[in-house]
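Participant: Would you mind keeping the following structure in view while I ask a few things?
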Amino acid sequence: MSYKEEEEIKSLIARYQRSIFALVLYLVGGDQDEAYNVCAESFAEAIRSAPPLEREEDFFSRLAGIAVAKSRLIKAIPVFSCFDILEVPEAEKGPLRIVLIALLGLDFESKAAVLLRDQLCFSYKEIAAIMQASESGIKHITIQARINLRRKVEEIISHAE
Amino acid sequence: MQNEIKVNCGDIKARLRPFLDDVLTENEHSAFCDHINSCEKCGTYVHSVGSFSNQAWKLGKVKVPDDLSSTIIYGLTHPASENQPSMLTVPRWQIAGLAILALLATASLIGVSYFKNQRKASGFEKNMTIRMEAASKPDSSTLLTFSEQPEEGAPEQAAPQEETAGAGPVKAAAPAASSVPQAVAPQCLHWHFKYSEPGRMARLINILGAMDVKPDYEGKNELIFTASGEKAEHLLEQLLDIIRSKSSFADFTPDVATYYDKNYIVSVYFEEGEANTLHWHIDRLLPEKRPALLDVIREFSKSVDYVSDRVVVFTISDQQLDDLKRRLQAMRVTIAEYGSTQSGEKVLSSGPLSISIYFVK
């Protein structure tokens, strides 16, 4: 790999590593070590298998697909220490912690759909391709996931009270 | 795909709520995301609004390990295959054993597949679309079909016949005694809800009002409106949130995919008591036959409450019901009937593609 190629790849990684790392982190249950391994493997596989003249948005979509597929294979127990690496103001951390607990309690498909839509802003068509499902199915999953997320947050709040 | 829609700072406020509710079209959503990702001021404004989608977005602001990039580069320059053991080190007896097992598994699969194909196919094709179970009631699966040789009230399966020029199509009806009705054609959504709380219609109308949708028809227990796919889904989300019981919802159009760039006629039925509202699905009615069909319905019914391209809602008495069926049968119109006829005066909904939502006490 030439120096120029390496620099270009580093630049590509820098643009997407935060999005993919966060996605994988929550999909594998918050385990930072697992997320690190899956993220690194996903990037390597996506870059290695990139077709020539692929557009960057297509690369991002394909990378997310690989990351979701690899995350699905990880049998992880929810770990909430991932909250420590969130870079948000202190005042926002309280409500965010509740949402995180609720999110980690969702099943894999629901988590993936909500994160791909709300965190990574993919279209439903792209999400359907990433998760290898029908577009209408993904929309239903996303709607149900948001409903379940809301319910879980309400349960957590009512337990806390 | 390039976005045809451009969003600037002046558009953000107007589109904020639809964005947070996820009811923008895909092009609008993409343009909106592009803008808030590139404009710091608008991005800060949007993400400061309290919503679950924003919370999910904030969860993405994680600190990435510093050495991730170098690990990836190392992985690219040192492929994993260099470190994997060679296939030659695997004992030959293990390879032979695996090959035999694979052959046996293949033979079993072929055998199972062969015997399976000998049995008559039945059931519905499954796909990723989430399908709600139809309300399981003893009478809700009654299916009457009308063939060229009328046997009144007797369910039968007529052999399929070809369309003849100038005559209405006469086709075989779907198999009888199915608890899930045959899928209606696209662009109509048909939902039944079991929900007995008072004020349900008012709540539904309020939700529609908030989405800027005016109902096309408001009956005693039914509501029909036209809306885009995403608004229909948003309404469904709200209704499921209110009812919170999957078994209370029946989707009679599970195969309809609601795309953002289409409009849909959505009919929601609310029913009290044991009887289901009677629905007829009339399939493949030629456009030139429609006025005659409506004239016949007006002749027999007490009142025609709602008429659109896809749905007709009318009221008819028990005594006239069978006469109307015979008359329609004489017109060679194929009707699939759902529901029961236990009440004296029924509200019937019929049309080429009809969708309904039930509320049953």
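Each chain in the structure tokens gets a letter, A, B, ..., in the order shown, and its residues are numbered from 1; ligands are numbered from 1 in order too.
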Quick one: everything within 10 Å of stretch 2-9 of chain A, counting only C-alpha atoms, minus sequence neighbours fewer than 4 positions away in the same chain. Send it as a PyMOL selection string.
Facilitator: (chain A and resi 13-15+43+47) or (chain B and resi 69+72-73+76-77)
Participant: Which residues of chain B are close to chain A, meaning at most 8 Å apart when you count only C-alpha atoms, and how do they look as a VMD selection string?
Facilitator: chain B and resid 26 29 to 30 33 52 to 65 68 to 69 71 to 73 75 to 77 127 to 130 233 to 234 237 241 257 to 259
Participant: What does the distance from atom CA of A:Ala129 to atom CA of A:Asp58 come to in Å, to one decimal?
Facilitator: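 Computed distance, atom CA of A:Ala129 to atom CA of A:Asp58, equals 11.1 Å.
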Participant: Please indicate the distance in Å from atom CA of B:Lys325 to atom CA of B:Val256, rounded to one decimal place.
Facilitator: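 If I compute the distance from atom CA of B:Lys325 to atom CA of B:Val256, I get 28.5 Å.
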Participant: Need the shell around stretch 289-296 of chain B: protein/DNA/RNA residues with any atom at most 9 Å away, counting only C-alpha atoms. Skip same-chain ones fewer than 5 positions apart. Format as a compact mmCIF listing (two decimals) with N, CA and C atoms, in the first residue's frame?
Facilitator:
```txt
# COMPACT_ATOMS: atom_id res chain seq x y z
N GLY B 168 -68.29 -8.96 -17.54
CA GLY B 168 -67.48 -8.82 -16.35
C GLY B 168 -66.67 -10.08 -16.10
N SER B 301 -80.48 -0.18 -1.14
CA SER B 301 -80.02 0.25 0.19
C SER B 301 -80.90 1.37 0.73
N VAL B 307 -69.12 7.43 -1.06
CA VAL B 307 -68.72 6.84 -2.33
C VAL B 307 -67.38 7.42 -2.74
N VAL B 312 -67.23 2.04 -1.05
CA VAL B 312 -68.61 2.51 -0.96
C VAL B 312 -69.15 2.05 0.39
N LEU B 324 -80.18 -8.03 -2.83
CA LEU B 324 -79.05 -7.30 -3.44
C LEU B 324 -77.97 -8.26 -3.92
N ARG B 327 -79.02 -9.84 -7.08
CA ARG B 327 -78.97 -8.88 -8.19
C ARG B 327 -77.54 -8.69 -8.68
N LEU B 328 -76.61 -8.57 -7.73
CA LEU B 328 -75.20 -8.39 -8.10
C LEU B 328 -74.67 -9.65 -8.78
N MET B 331 -75.39 -9.74 -12.26
CA MET B 331 -74.50 -8.85 -13.02
C MET B 331 -73.12 -9.47 -13.22
N VAL B 333 -70.94 -10.20 -10.95
CA VAL B 333 -69.95 -9.55 -10.09
C VAL B 333 -69.51 -10.56 -9.04
```
Participant: From the DSSP assignment of the backbone, select every residue of stretch 121-158 of chain A that is alpha helix (DSSP H), and format the answer as a PyMOL selection string.
Facilitator: chain A and resi 124-131+135-158
Participant: For those residues, write N, CA, C and O atoms to a file as a CSV table (one decimal), in the first residue's frame.
Facilitator:
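File selection-v8.csv, as written:
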```csv
chain,number,residue,atom,x,y,z
A,124,TYR,N,-35.0,4.4,4.3
A,124,TYR,CA,-35.5,3.0,4.6
A,124,TYR,C,-35.1,2.0,3.5
A,124,TYR,O,-34.9,0.9,3.8
A,125,LYS,N,-34.9,2.5,2.3
A,125,LYS,CA,-34.4,1.7,1.3
A,125,LYS,C,-33.0,1.1,1.6
A,125,LYS,O,-32.8,-0.1,1.4
A,126,GLU,N,-32.2,2.0,2.0
A,126,GLU,CA,-30.8,1.6,2.4
A,126,GLU,C,-30.8,0.7,3.6
A,126,GLU,O,-30.1,-0.3,3.6
A,127,ILE,N,-31.7,1.0,4.6
A,127,ILE,CA,-31.7,0.1,5.7
A,127,ILE,C,-32.2,-1.3,5.3
A,127,ILE,O,-31.7,-2.3,5.8
A,128,ALA,N,-33.2,-1.3,4.4
A,128,ALA,CA,-33.7,-2.6,4.0
A,128,ALA,C,-32.6,-3.4,3.3
A,128,ALA,O,-32.4,-4.6,3.5
A,129,ALA,N,-31.7,-2.7,2.5
A,129,ALA,CA,-30.6,-3.4,1.9
A,129,ALA,C,-29.6,-3.9,2.9
A,129,ALA,O,-29.0,-5.0,2.8
A,130,ILE,N,-29.3,-3.0,3.9
A,130,ILE,CA,-28.4,-3.4,5.0
A,130,ILE,C,-28.8,-4.6,5.8
A,130,ILE,O,-28.0,-5.5,6.0
A,131,MET,N,-30.1,-4.6,6.1
A,131,MET,CA,-30.6,-5.7,7.0
A,131,MET,C,-31.2,-6.8,6.2
A,131,MET,O,-31.8,-7.7,6.8
A,135,GLU,N,-38.5,-3.3,2.5
A,135,GLU,CA,-38.6,-1.9,3.0
A,135,GLU,C,-39.8,-1.7,3.9
A,135,GLU,O,-39.7,-1.0,5.0
A,136,SER,N,-40.9,-2.3,3.6
A,136,SER,CA,-42.1,-2.2,4.4
A,136,SER,C,-41.9,-2.9,5.7
A,136,SER,O,-42.3,-2.4,6.8
A,137,GLY,N,-41.2,-4.0,5.7
A,137,GLY,CA,-40.9,-4.7,7.0
A,137,GLY,C,-40.0,-3.8,7.9
A,137,GLY,O,-40.2,-3.8,9.1
A,138,ILE,N,-39.1,-3.1,7.3
A,138,ILE,CA,-38.2,-2.3,8.1
A,138,ILE,C,-38.9,-1.1,8.7
A,138,ILE,O,-38.7,-0.8,9.8
A,139,LYS,N,-39.9,-0.6,7.9
A,139,LYS,CA,-40.6,0.5,8.5
A,139,LYS,C,-41.5,0.1,9.7
A,139,LYS,O,-41.6,0.8,10.7
A,140,HIS,N,-42.1,-1.1,9.5
A,140,HIS,CA,-42.9,-1.6,10.6
A,140,HIS,C,-41.9,-1.9,11.9
A,140,HIS,O,-42.3,-1.6,13.0
A,141,ILE,N,-40.8,-2.4,11.6
A,141,ILE,CA,-39.8,-2.7,12.7
A,141,ILE,C,-39.5,-1.4,13.4
A,141,ILE,O,-39.4,-1.3,14.6
A,142,THR,N,-39.2,-0.4,12.6
A,142,THR,CA,-38.8,0.9,13.2
A,142,THR,C,-39.9,1.5,14.0
A,142,THR,O,-39.6,2.0,15.1
A,143,ILE,N,-41.1,1.5,13.5
A,143,ILE,CA,-42.3,2.0,14.2
A,143,ILE,C,-42.4,1.3,15.5
A,143,ILE,O,-42.5,1.9,16.6
A,144,GLN,N,-42.4,0.0,15.5
A,144,GLN,CA,-42.5,-0.8,16.7
A,144,GLN,C,-41.4,-0.6,17.7
A,144,GLN,O,-41.6,-0.5,18.9
A,145,ALA,N,-40.2,-0.4,17.1
A,145,ALA,CA,-39.0,-0.2,18.0
A,145,ALA,C,-39.1,1.1,18.7
A,145,ALA,O,-38.8,1.1,19.9
A,146,ARG,N,-39.6,2.1,18.1
A,146,ARG,CA,-39.8,3.4,18.8
A,146,ARG,C,-40.8,3.3,19.8
A,146,ARG,O,-40.7,3.9,20.9
A,147,ILE,N,-41.9,2.6,19.5
A,147,ILE,CA,-42.9,2.4,20.5
A,147,ILE,C,-42.4,1.6,21.7
A,147,ILE,O,-42.6,2.0,22.9
A,148,ASN,N,-41.6,0.6,21.5
A,148,ASN,CA,-41.1,-0.2,22.6
A,148,ASN,C,-40.0,0.6,23.4
A,148,ASN,O,-39.9,0.5,24.6
A,149,LEU,N,-39.3,1.4,22.6
A,149,LEU,CA,-38.3,2.2,23.3
A,149,LEU,C,-38.9,3.2,24.3
A,149,LEU,O,-38.5,3.4,25.4
A,150,ARG,N,-40.0,3.8,23.8
A,150,ARG,CA,-40.8,4.7,24.6
A,150,ARG,C,-41.3,4.0,25.9
A,150,ARG,O,-41.3,4.5,27.0
A,151,ARG,N,-41.9,2.8,25.7
A,151,ARG,CA,-42.4,2.1,26.8
A,151,ARG,C,-41.4,1.8,27.8
A,151,ARG,O,-41.6,1.9,29.0
A,152,LYS,N,-40.2,1.3,27.3
A,152,LYS,CA,-39.1,1.0,28.2
A,152,LYS,C,-38.7,2.2,29.0
A,152,LYS,O,-38.4,2.1,30.2
A,153,VAL,N,-38.6,3.3,28.4
A,153,VAL,CA,-38.2,4.5,29.1
A,153,VAL,C,-39.2,4.9,30.1
A,153,VAL,O,-38.8,5.2,31.3
A,154,GLU,N,-40.5,4.7,29.8
A,154,GLU,CA,-41.5,5.0,30.8
A,154,GLU,C,-41.4,4.1,32.0
A,154,GLU,O,-41.6,4.5,33.1
A,155,GLU,N,-41.2,2.8,31.7
A,155,GLU,CA,-41.0,1.8,32.8
A,155,GLU,C,-39.9,2.2,33.7
A,155,GLU,O,-40.0,2.1,34.9
A,156,ILE,N,-38.7,2.5,33.1
A,156,ILE,CA,-37.6,2.9,33.9
A,156,ILE,C,-37.8,4.1,34.7
A,156,ILE,O,-37.5,4.1,35.9
A,157,ILE,N,-38.5,5.1,34.2
A,157,ILE,CA,-38.8,6.3,34.9
A,157,ILE,C,-39.8,6.0,36.0
A,157,ILE,O,-39.6,6.5,37.2
A,158,SER,N,-40.8,5.2,35.8
A,158,SER,CA,-41.8,4.9,36.8
A,158,SER,C,-41.2,4.0,37.9
A,158,SER,O,-41.5,4.2,39.1
```
